[in-house]
$ cat my_file-v4.cif   # mmCIF, C-alpha atoms and all ligand atoms
data_start
loop_
_atom_site.group_PDB
_atom_site.id
_atom_site.type_symbol
_atom_site.label_atom_id
_atom_site.label_comp_id
_atom_site.auth_asym_id
_atom_site.auth_seq_id
_atom_site.Cartn_x
_atom_site.Cartn_y
_atom_site.Cartn_z
ATOM 1 C CA MET A 1 -22.591 20.947 -100.052
ATOM 2 C CA PRO A 2 -24.053 19.283 -96.945
ATOM 3 C CA LYS A 3 -22.628 20.803 -93.767
ATOM 4 C CA ARG A 4 -20.360 18.453 -91.776
ATOM 5 C CA LYS A 5 -21.854 17.935 -88.335
ATOM 6 C CA ARG A 6 -19.484 19.158 -85.612
ATOM 7 C CA LYS A 7 -18.691 16.711 -82.834
ATOM 8 C CA ARG A 8 -20.406 18.051 -79.719
ATOM 9 C CA ARG A 9 -18.083 18.460 -76.768
ATOM 10 C CA GLY A 10 -19.167 18.976 -73.192
ATOM 11 C CA LEU A 11 -18.529 22.212 -71.334
ATOM 12 C CA LEU A 12 -17.040 22.114 -67.828
ATOM 13 C CA ILE A 13 -18.784 24.671 -65.632
ATOM 14 C CA VAL A 14 -16.897 25.418 -62.418
ATOM 15 C CA VAL A 15 -19.098 27.063 -59.806
ATOM 16 C CA SER A 16 -17.317 28.454 -56.778
ATOM 17 C CA GLY A 17 -17.795 31.003 -54.038
ATOM 18 C CA PRO A 18 -17.714 31.206 -50.269
ATOM 19 C CA SER A 19 -19.335 28.633 -48.030
ATOM 20 C CA GLY A 20 -23.003 29.415 -47.435
ATOM 21 C CA VAL A 21 -23.389 31.650 -50.506
ATOM 22 C CA GLY A 22 -25.848 29.157 -51.990
ATOM 23 C CA LYS A 23 -23.777 27.128 -54.457
ATOM 24 C CA SER A 24 -25.501 23.786 -53.752
ATOM 25 C CA THR A 25 -28.945 25.379 -53.723
ATOM 26 C CA VAL A 26 -28.449 27.246 -57.004
ATOM 27 C CA VAL A 27 -26.730 24.317 -58.722
ATOM 28 C CA ARG A 28 -29.558 22.002 -57.631
ATOM 29 C CA ARG A 29 -32.074 24.408 -59.171
ATOM 30 C CA LEU A 30 -30.037 24.638 -62.367
ATOM 31 C CA LEU A 31 -29.902 20.845 -62.678
ATOM 32 C CA ARG A 32 -33.575 20.409 -61.924
ATOM 33 C CA GLN A 33 -34.453 22.665 -64.833
ATOM 34 C CA ASN A 34 -31.777 21.342 -67.205
ATOM 35 C CA LYS A 35 -31.725 17.564 -67.252
ATOM 36 C CA ASN A 36 -28.929 17.590 -69.854
ATOM 37 C CA ILE A 37 -26.439 19.066 -67.351
ATOM 38 C CA THR A 38 -24.552 16.588 -65.163
ATOM 39 C CA LEU A 39 -23.322 17.228 -61.631
ATOM 40 C CA SER A 40 -19.878 16.066 -60.650
ATOM 41 C CA ILE A 41 -20.392 14.357 -57.289
ATOM 42 C CA SER A 42 -17.378 14.926 -55.074
ATOM 43 C CA ALA A 43 -15.910 12.613 -52.486
ATOM 44 C CA THR A 44 -15.583 14.008 -48.975
ATOM 45 C CA THR A 45 -14.357 12.932 -45.564
ATOM 46 C CA ARG A 46 -16.966 15.041 -43.774
ATOM 47 C CA SER A 47 -19.978 13.328 -42.202
ATOM 48 C CA PRO A 48 -23.331 13.447 -43.971
ATOM 49 C CA ARG A 49 -25.739 16.157 -42.783
ATOM 50 C CA PRO A 50 -29.362 15.246 -42.080
ATOM 51 C CA GLY A 51 -31.026 14.542 -45.407
ATOM 52 C CA GLU A 52 -27.778 13.810 -47.240
ATOM 53 C CA SER A 53 -27.031 10.307 -48.530
ATOM 54 C CA ASP A 54 -24.046 8.613 -50.098
ATOM 55 C CA GLY A 55 -23.815 9.133 -53.850
ATOM 56 C CA GLN A 56 -26.422 11.918 -53.891
ATOM 57 C CA GLN A 57 -24.744 15.060 -52.539
ATOM 58 C CA TYR A 58 -21.327 13.447 -52.003
ATOM 59 C CA TYR A 59 -19.544 10.127 -51.793
ATOM 60 C CA PHE A 60 -18.844 10.001 -48.065
ATOM 61 C CA VAL A 61 -15.533 8.247 -47.504
ATOM 62 C CA LEU A 62 -13.175 7.622 -44.590
ATOM 63 C CA PRO A 63 -9.945 9.644 -44.461
ATOM 64 C CA GLU A 64 -7.887 6.501 -45.242
ATOM 65 C CA GLU A 65 -9.993 5.810 -48.314
ATOM 66 C CA PHE A 66 -9.641 9.435 -49.436
ATOM 67 C CA ASP A 67 -5.831 9.223 -49.073
ATOM 68 C CA LYS A 68 -5.798 6.093 -51.227
ATOM 69 C CA MET A 69 -7.823 7.887 -53.902
ATOM 70 C CA VAL A 70 -5.398 10.832 -53.837
ATOM 71 C CA LYS A 71 -2.421 8.485 -54.243
ATOM 72 C CA ALA A 72 -4.154 6.608 -57.066
ATOM 73 C CA GLY A 73 -4.658 9.893 -58.958
ATOM 74 C CA ASP A 74 -8.434 9.525 -58.821
ATOM 75 C CA PHE A 75 -9.093 13.267 -58.423
ATOM 76 C CA LEU A 76 -9.117 16.093 -60.933
ATOM 77 C CA GLU A 77 -8.429 18.280 -57.889
ATOM 78 C CA TRP A 78 -8.821 17.928 -54.165
ATOM 79 C CA ALA A 79 -8.540 20.301 -51.213
ATOM 80 C CA LYS A 80 -8.895 20.516 -47.481
ATOM 81 C CA VAL A 81 -11.853 22.806 -46.819
ATOM 82 C CA HIS A 82 -12.826 23.828 -43.297
ATOM 83 C CA GLY A 83 -11.079 20.772 -41.838
ATOM 84 C CA SER A 84 -12.438 18.084 -44.186
ATOM 85 C CA CYS A 85 -11.139 16.798 -47.525
ATOM 86 C CA TYR A 86 -13.104 17.182 -50.750
ATOM 87 C CA GLY A 87 -12.176 15.881 -54.196
ATOM 88 C CA THR A 88 -13.593 15.928 -57.721
ATOM 89 C CA PRO A 89 -13.502 12.428 -59.271
ATOM 90 C CA LEU A 90 -11.552 12.654 -62.530
ATOM 91 C CA LYS A 91 -12.902 9.581 -64.333
ATOM 92 C CA ALA A 92 -16.571 10.558 -64.016
ATOM 93 C CA VAL A 93 -15.918 14.120 -65.213
ATOM 94 C CA LYS A 94 -13.875 12.968 -68.219
ATOM 95 C CA SER A 95 -16.404 10.333 -69.160
ATOM 96 C CA ALA A 96 -19.387 12.718 -69.035
ATOM 97 C CA LEU A 97 -17.541 15.387 -71.033
ATOM 98 C CA SER A 98 -16.451 12.899 -73.694
ATOM 99 C CA GLN A 99 -20.081 11.833 -74.097
ATOM 100 C CA GLY A 100 -20.950 15.458 -74.843
ATOM 101 C CA CYS A 101 -22.546 16.183 -71.460
ATOM 102 C CA ASP A 102 -22.022 19.546 -69.802
ATOM 103 C CA VAL A 103 -20.665 19.029 -66.299
ATOM 104 C CA VAL A 104 -20.968 21.278 -63.250
ATOM 105 C CA CYS A 105 -18.260 21.089 -60.583
ATOM 106 C CA GLU A 106 -19.150 22.856 -57.366
ATOM 107 C CA VAL A 107 -15.872 23.525 -55.582
ATOM 108 C CA ASP A 108 -14.268 25.929 -53.140
ATOM 109 C CA VAL A 109 -11.877 28.639 -54.353
ATOM 110 C CA GLN A 110 -8.815 26.360 -54.030
ATOM 111 C CA GLY A 111 -10.540 23.772 -56.209
ATOM 112 C CA ALA A 112 -11.397 26.341 -58.885
ATOM 113 C CA GLU A 113 -7.817 27.621 -58.897
ATOM 114 C CA ALA A 114 -6.462 24.066 -59.218
ATOM 115 C CA ILE A 115 -8.794 23.268 -62.142
ATOM 116 C CA LYS A 116 -7.743 26.503 -63.862
ATOM 117 C CA LYS A 117 -4.054 25.555 -63.588
ATOM 118 C CA ILE A 118 -4.707 22.008 -64.871
ATOM 119 C CA VAL A 119 -6.643 23.303 -67.877
ATOM 120 C CA GLU A 120 -4.099 26.063 -68.625
ATOM 121 C CA ALA A 121 -1.296 23.487 -68.508
ATOM 122 C CA ARG A 122 -3.397 21.435 -70.963
ATOM 123 C CA LYS A 123 -3.300 18.424 -68.624
ATOM 124 C CA LEU A 124 -7.017 18.243 -69.311
ATOM 125 C CA ILE A 125 -8.202 19.390 -72.723
ATOM 126 C CA VAL A 126 -11.612 20.853 -72.057
ATOM 127 C CA THR A 127 -13.513 24.094 -72.498
ATOM 128 C CA THR A 128 -14.251 25.545 -69.092
ATOM 129 C CA VAL A 129 -16.129 28.481 -67.687
ATOM 130 C CA PHE A 130 -15.502 29.752 -64.171
ATOM 131 C CA VAL A 131 -18.445 31.228 -62.288
ATOM 132 C CA PHE A 132 -18.149 32.896 -58.891
ATOM 133 C CA LEU A 133 -21.286 33.160 -56.819
ATOM 134 C CA ILE A 134 -21.476 36.098 -54.418
ATOM 135 C CA PRO A 135 -24.051 37.023 -51.785
ATOM 136 C CA PRO A 136 -25.997 40.289 -52.110
ATOM 137 C CA SER A 137 -24.127 41.396 -48.939
ATOM 138 C CA VAL A 138 -21.902 39.970 -46.191
ATOM 139 C CA ASP A 139 -24.803 40.335 -43.729
ATOM 140 C CA ILE A 140 -26.989 38.178 -45.953
ATOM 141 C CA LEU A 141 -24.200 35.597 -46.207
ATOM 142 C CA ALA A 142 -23.994 35.488 -42.391
ATOM 143 C CA PHE A 143 -27.763 35.079 -42.202
ATOM 144 C CA ARG A 144 -27.744 32.197 -44.718
ATOM 145 C CA LEU A 145 -24.901 30.386 -42.980
ATOM 146 C CA LYS A 146 -26.727 30.620 -39.644
ATOM 147 C CA LYS A 147 -30.079 29.686 -41.171
ATOM 148 C CA ARG A 148 -28.676 26.435 -42.562
ATOM 149 C CA LYS A 149 -28.043 25.313 -38.954
ATOM 150 C CA THR A 150 -25.511 22.728 -40.091
ATOM 151 C CA GLU A 151 -22.546 24.236 -38.222
ATOM 152 C CA ASN A 152 -22.169 25.590 -34.702
ATOM 153 C CA ALA A 153 -21.629 29.318 -34.018
ATOM 154 C CA GLN A 154 -17.839 28.941 -33.863
ATOM 155 C CA VAL A 155 -17.696 27.207 -37.264
ATOM 156 C CA VAL A 156 -20.095 29.772 -38.760
ATOM 157 C CA ASN A 157 -17.814 32.592 -37.580
ATOM 158 C CA TYR A 158 -14.766 30.821 -38.974
ATOM 159 C CA ARG A 159 -16.486 30.278 -42.348
ATOM 160 C CA LEU A 160 -17.560 33.934 -42.430
ATOM 161 C CA ARG A 161 -14.015 35.171 -41.880
ATOM 162 C CA ALA A 162 -12.822 32.789 -44.616
ATOM 163 C CA ALA A 163 -15.588 34.070 -46.923
ATOM 164 C CA ILE A 164 -14.354 37.636 -46.675
ATOM 165 C CA ASP A 165 -10.893 36.485 -47.853
ATOM 166 C CA GLU A 166 -12.416 34.286 -50.551
ATOM 167 C CA LEU A 167 -14.397 37.205 -51.983
ATOM 168 C CA GLN A 168 -11.071 38.906 -52.850
ATOM 169 C CA VAL A 169 -10.398 36.419 -55.681
ATOM 170 C CA MET A 170 -13.612 36.969 -57.595
ATOM 171 C CA GLU A 171 -12.034 39.034 -60.387
ATOM 172 C CA LYS A 172 -10.081 35.941 -61.516
ATOM 173 C CA TYR A 173 -13.339 34.325 -62.643
ATOM 174 C CA ASP A 174 -15.017 34.600 -66.043
ATOM 175 C CA TYR A 175 -18.354 35.586 -64.514
ATOM 176 C CA ILE A 176 -19.617 36.845 -61.170
ATOM 177 C CA VAL A 177 -23.218 35.995 -60.339
ATOM 178 C CA VAL A 178 -25.084 37.573 -57.426
ATOM 179 C CA ASN A 179 -27.206 34.985 -55.635
ATOM 180 C CA ASP A 180 -30.112 37.258 -54.811
ATOM 181 C CA ARG A 181 -32.939 34.850 -55.638
ATOM 182 C CA VAL A 182 -32.188 31.177 -56.271
ATOM 183 C CA GLU A 183 -34.243 31.102 -59.449
ATOM 184 C CA SER A 184 -32.629 34.152 -61.007
ATOM 185 C CA ALA A 185 -29.102 33.048 -60.045
ATOM 186 C CA ALA A 186 -29.763 29.654 -61.700
ATOM 187 C CA GLU A 187 -31.132 31.425 -64.782
ATOM 188 C CA LYS A 188 -28.054 33.641 -64.980
ATOM 189 C CA ILE A 189 -25.795 30.584 -64.876
ATOM 190 C CA LYS A 190 -27.896 28.950 -67.600
ATOM 191 C CA ALA A 191 -27.520 32.078 -69.747
ATOM 192 C CA ILE A 192 -23.731 31.939 -69.214
ATOM 193 C CA ILE A 193 -23.706 28.276 -70.295
ATOM 194 C CA ASN A 194 -25.678 29.143 -73.426
ATOM 195 C CA VAL A 195 -23.261 31.928 -74.380
ATOM 196 C CA GLU A 196 -20.210 29.747 -73.748
ATOM 197 C CA LYS A 197 -21.650 26.907 -75.804
ATOM 198 C CA GLU A 198 -22.260 29.295 -78.705
ATOM 199 C CA ARG A 199 -18.624 30.357 -78.430
ATOM 200 C CA MET A 200 -17.547 26.703 -78.510
ATOM 201 C CA LEU A 201 -19.340 26.311 -81.828
ATOM 202 C CA ILE A 202 -17.649 29.408 -83.282
ATOM 203 C CA ASN A 203 -14.115 28.505 -82.119
HETATM 204 P P1 LIG A 301 -23.128 26.570 -50.158
HETATM 205 O O1 LIG A 301 -23.370 25.330 -50.985
HETATM 206 O O2 LIG A 301 -22.543 27.684 -50.961
HETATM 207 O O3 LIG A 301 -22.335 26.309 -48.921
HETATM 208 P P2 LIG A 301 -26.006 26.385 -49.561
HETATM 209 O O4 LIG A 301 -26.541 26.082 -50.911
HETATM 210 O O5 LIG A 301 -25.911 25.259 -48.575
HETATM 211 O O6 LIG A 301 -24.565 27.116 -49.676
HETATM 212 O O7 LIG A 301 -26.889 27.583 -48.965
HETATM 213 C C1 LIG A 301 -26.703 28.083 -47.637
HETATM 214 C C2 LIG A 301 -28.084 28.468 -47.041
HETATM 215 O O8 LIG A 301 -28.600 29.599 -47.748
HETATM 216 C C3 LIG A 301 -29.127 27.364 -47.169
HETATM 217 O O9 LIG A 301 -29.920 27.343 -46.003
HETATM 218 C C4 LIG A 301 -29.941 27.781 -48.388
HETATM 219 O O10 LIG A 301 -31.261 27.311 -48.315
HETATM 220 C C5 LIG A 301 -29.884 29.305 -48.307
HETATM 221 N N1 LIG A 301 -29.943 30.000 -49.619
HETATM 222 C C6 LIG A 301 -29.210 29.735 -50.722
HETATM 223 N N2 LIG A 301 -29.508 30.608 -51.708
HETATM 224 C C7 LIG A 301 -30.434 31.456 -51.223
HETATM 225 C C8 LIG A 301 -31.148 32.586 -51.738
HETATM 226 N N3 LIG A 301 -30.951 33.030 -52.992
HETATM 227 N N4 LIG A 301 -32.029 33.218 -50.942
HETATM 228 C C9 LIG A 301 -32.226 32.799 -49.663
HETATM 229 N N5 LIG A 301 -31.614 31.730 -49.092
HETATM 230 C C10 LIG A 301 -30.722 31.068 -49.858
HETATM 231 P P1 LIG A 302 -20.000 21.627 -47.573
HETATM 232 O O1 LIG A 302 -19.304 20.824 -46.511
HETATM 233 O O2 LIG A 302 -20.658 22.857 -47.020
HETATM 234 O O3 LIG A 302 -20.895 20.768 -48.448
HETATM 235 O O4 LIG A 302 -18.849 22.144 -48.564
HETATM 236 C C1 LIG A 302 -17.798 22.924 -48.076
HETATM 237 C C2 LIG A 302 -17.071 23.534 -49.249
HETATM 238 O O5 LIG A 302 -16.400 22.507 -50.014
HETATM 239 C C3 LIG A 302 -17.979 24.259 -50.242
HETATM 240 O O6 LIG A 302 -17.366 25.505 -50.552
HETATM 241 C C4 LIG A 302 -17.998 23.343 -51.432
HETATM 242 O O7 LIG A 302 -18.191 24.043 -52.647
HETATM 243 C C5 LIG A 302 -16.603 22.766 -51.381
HETATM 244 N N1 LIG A 302 -16.450 21.522 -52.168
HETATM 245 C C6 LIG A 302 -17.375 20.560 -52.405
HETATM 246 N N2 LIG A 302 -16.854 19.603 -53.182
HETATM 247 C C7 LIG A 302 -15.589 19.969 -53.461
HETATM 248 C C8 LIG A 302 -14.539 19.381 -54.244
HETATM 249 O O8 LIG A 302 -14.647 18.328 -54.836
HETATM 250 N N3 LIG A 302 -13.364 20.060 -54.287
HETATM 251 C C9 LIG A 302 -13.171 21.237 -53.632
HETATM 252 N N4 LIG A 302 -11.984 21.826 -53.772
HETATM 253 N N5 LIG A 302 -14.142 21.815 -52.906
HETATM 254 C C10 LIG A 302 -15.326 21.193 -52.819
#
$ encode --input "my_file-v4.cif" --output "structure tokens" --more "lines below"
Ligand code: ADP
Ligand code: 5GP
Amino acid sequence: MPKRKRKRRGLLIVVSGPSGVGKSTVVRRLLRQNKNITLSISATTRSPRPGESDGQQYYFVLPEEFDKMVKAGDFLEWAKVHGSCYGTPLKAVKSALSQGCDVVCEVDVQGAEAIKKIVEARKLIVTTVFVFLIPPSVDILAFRLKKRKTENAQVVNYRLRAAIDELQVMEKYDYIVVNDRVESAAEKIKAIINVEKERMLIN
């Protein structure tokens, strides 16, 4: 009997962790090495940093525009993070998943919690895996936040205090990945994706 080919569904990979831990850096590396994985590009009200451009790292929108998108139900989840609003566009995520693409959402801890609730309530039928990125130590996190030079000392200190709180929720995630070296952290996430995709085939 010829085997019936299973319809391939996309996996939603939620990568979270404190600000400055290296989420964007590691996710960028993961995507560079795995062209079949799609990044969900969030909308944000924060201003672009040097080197960032609209539609690449984020869709940079005005607060009024963001509010309209919230009211229109355009976001899978959205949150206020460190004074700016960030949201994951629902339509793009759904469309990529339905085409069988695996999608990475890089969100803060509130965003990950919101996605978990939505999926558990079956408001979005999708297989998800939640990955929490942690720094090798708090000192290294402080060093990385300062090294990025994108925030002033006051904001860095605020983000560091927030990070210590955010690290308390890590046991709620499916996997914890230490971002020691970018390459190895990206490889660990790829290995997690492989395992989860195998499980999708079994279930
Ligand atoms: P996040 O997206 O979590 O806020 P970033 O990806 O912007 O964090 O990384 C914060 C800073 O740390 C950047 O300057 C980045 O180059 C650096 N960084 C990220 N991962 C590593 C790593 N494994 N080793 C050394 N520096 C890193
Ligand atoms: P940054 O301004 O440093 O790019 O991002 C600040 C924080 O917002 C990071 O922790 C990042 O992961 C998070 N973030 C980015 N996009 C989204 C999103 O769409 N939703 C939520 N909840 N957080 C996001």
$ closest_residue --input "my_file-v4.cif" --among "A:Thr44, A:Glu187, A:Ile193, A:Leu201" --to "Leu30 (chain A)" --atoms "all atoms listed in the file"
A:Glu187
$ closest_residue --input "my_file-v4.cif" --among "A:Cys101, A:Val109, A:Lys172, A:Val156" --to "Thr38 (chain A)" --atoms "only C-alpha atoms"
A:Cys101
$ closest_residue --input "my_file-v4.cif" --among "A:Glu77, A:Arg29, A:Asp174, A:Arg9" --to "Lys117 (chain A)" --atoms "only C-alpha atoms"
A:Glu77
$ resolve_selection --input "my_file-v4.cif" --expression "the PyMOL selection byres (((not hetatm)) within 10 of (chain A and resi 301))" --output "VMD selection string"
chain A and resid 15 to 28 106 to 108 133 to 136 140 to 150 159 178 to 186
$ atom_distance --input "my_file-v4.cif" --atom1 "CA of Ala79 (chain A)" --atom2 "atom C4 of ligand LIG 302 (chain A)"
9.9 Å
$ resolve_selection --input "my_file-v4.cif" --expression "the PyMOL selection byres (((chain A and resi 95-100) around 7) and not hetatm)" --output "list of chain:residue names"
A:Arg8, A:Arg9, A:Gly10, A:Leu11, A:Lys91, A:Ala92, A:Val93, A:Lys94, A:Cys101, A:Asp102, A:Val103
$ atom_distance --input "my_file-v4.cif" --atom1 "CA of Phe130 (chain A)" --atom2 "atom O8 of ligand LIG 302 (chain A)"
14.8 Å
$ residues_around --input "my_file-v4.cif" --residues "Arg46 (chain A)" --least-positions-apart "6" --cutoff "12 Å" --atoms "all atoms listed in the file" --output "mmCIF file with C-alpha atoms, keeping the file's coordinate frame"
data_model
loop_
_atom_site.group_PDB
_atom_site.id
_atom_site.type_symbol
_atom_site.label_atom_id
_atom_site.label_comp_id
_atom_site.auth_asym_id
_atom_site.auth_seq_id
_atom_site.Cartn_x
_atom_site.Cartn_y
_atom_site.Cartn_z
ATOM 1 C CA GLU A 52 -27.778 13.810 -47.240
ATOM 2 C CA ASP A 54 -24.046 8.613 -50.098
ATOM 3 C CA GLN A 57 -24.744 15.060 -52.539
ATOM 4 C CA TYR A 58 -21.327 13.447 -52.003
ATOM 5 C CA TYR A 59 -19.544 10.127 -51.793
ATOM 6 C CA PHE A 60 -18.844 10.001 -48.065
ATOM 7 C CA VAL A 61 -15.533 8.247 -47.504
ATOM 8 C CA LEU A 62 -13.175 7.622 -44.590
ATOM 9 C CA PRO A 63 -9.945 9.644 -44.461
ATOM 10 C CA PHE A 66 -9.641 9.435 -49.436
ATOM 11 C CA LYS A 80 -8.895 20.516 -47.481
ATOM 12 C CA VAL A 81 -11.853 22.806 -46.819
ATOM 13 C CA HIS A 82 -12.826 23.828 -43.297
ATOM 14 C CA GLY A 83 -11.079 20.772 -41.838
ATOM 15 C CA SER A 84 -12.438 18.084 -44.186
ATOM 16 C CA CYS A 85 -11.139 16.798 -47.525
ATOM 17 C CA TYR A 86 -13.104 17.182 -50.750
ATOM 18 C CA GLY A 87 -12.176 15.881 -54.196
#
$ closest_residue --input "my_file-v4.cif" --among "A:Arg122, A:Arg199, A:Lys116, A:Lys188" --to "ligand LIG 302 (chain A)" --atoms "all atoms listed in the file"
A:Lys116
$ resolve_selection --input "my_file-v4.cif" --expression "the PyMOL selection byres (((chain A and resi 125-127) around 8) and not hetatm)" --output "JSON list (two decimals) with C-alpha atoms, in the coordinates of the input"
[["chain", "number", "residue", "atom", "x", "y", "z"],
["A", 10, "GLY", "CA", -19.17, 18.98, -73.19],
["A", 11, "LEU", "CA", -18.53, 22.21, -71.33],
["A", 12, "LEU", "CA", -17.04, 22.11, -67.83],
["A", 119, "VAL", "CA", -6.64, 23.30, -67.88],
["A", 122, "ARG", "CA", -3.40, 21.44, -70.96],
["A", 123, "LYS", "CA", -3.30, 18.42, -68.62],
["A", 124, "LEU", "CA", -7.02, 18.24, -69.31],
["A", 128, "THR", "CA", -14.25, 25.54, -69.09],
["A", 129, "VAL", "CA", -16.13, 28.48, -67.69],
["A", 200, "MET", "CA", -17.55, 26.70, -78.51]]
$ closest_residue --input "my_file-v4.cif" --among "A:Leu31, A:Met170, A:Val70, A:Ala114" --to "ligand LIG 302 (chain A)" --atoms "all atoms listed in the file"
A:Ala114
$ atom_distance --input "my_file-v4.cif" --atom1 "atom O6 of ligand LIG 302 (chain A)" --atom2 "CA of Tyr173 (chain A)"
15.5 Å
$ closest_residue --input "my_file-v4.cif" --among "A:Ser137, A:Asn152, A:Thr88, A:Asn157" --to "Asp74 (chain A)" --atoms "only C-alpha atoms"
A:Thr88
$ axis_aligned_box --input "my_file-v4.cif" --around "region 93-105 of chain A" --padding-each-side "5 Å" --output "lines of an AutoDock Vina configuration file"
center_x = -18.2
center_y = 15.8
center_z = -67.7
size_x = 18.7
size_y = 20.9
size_z = 24.3
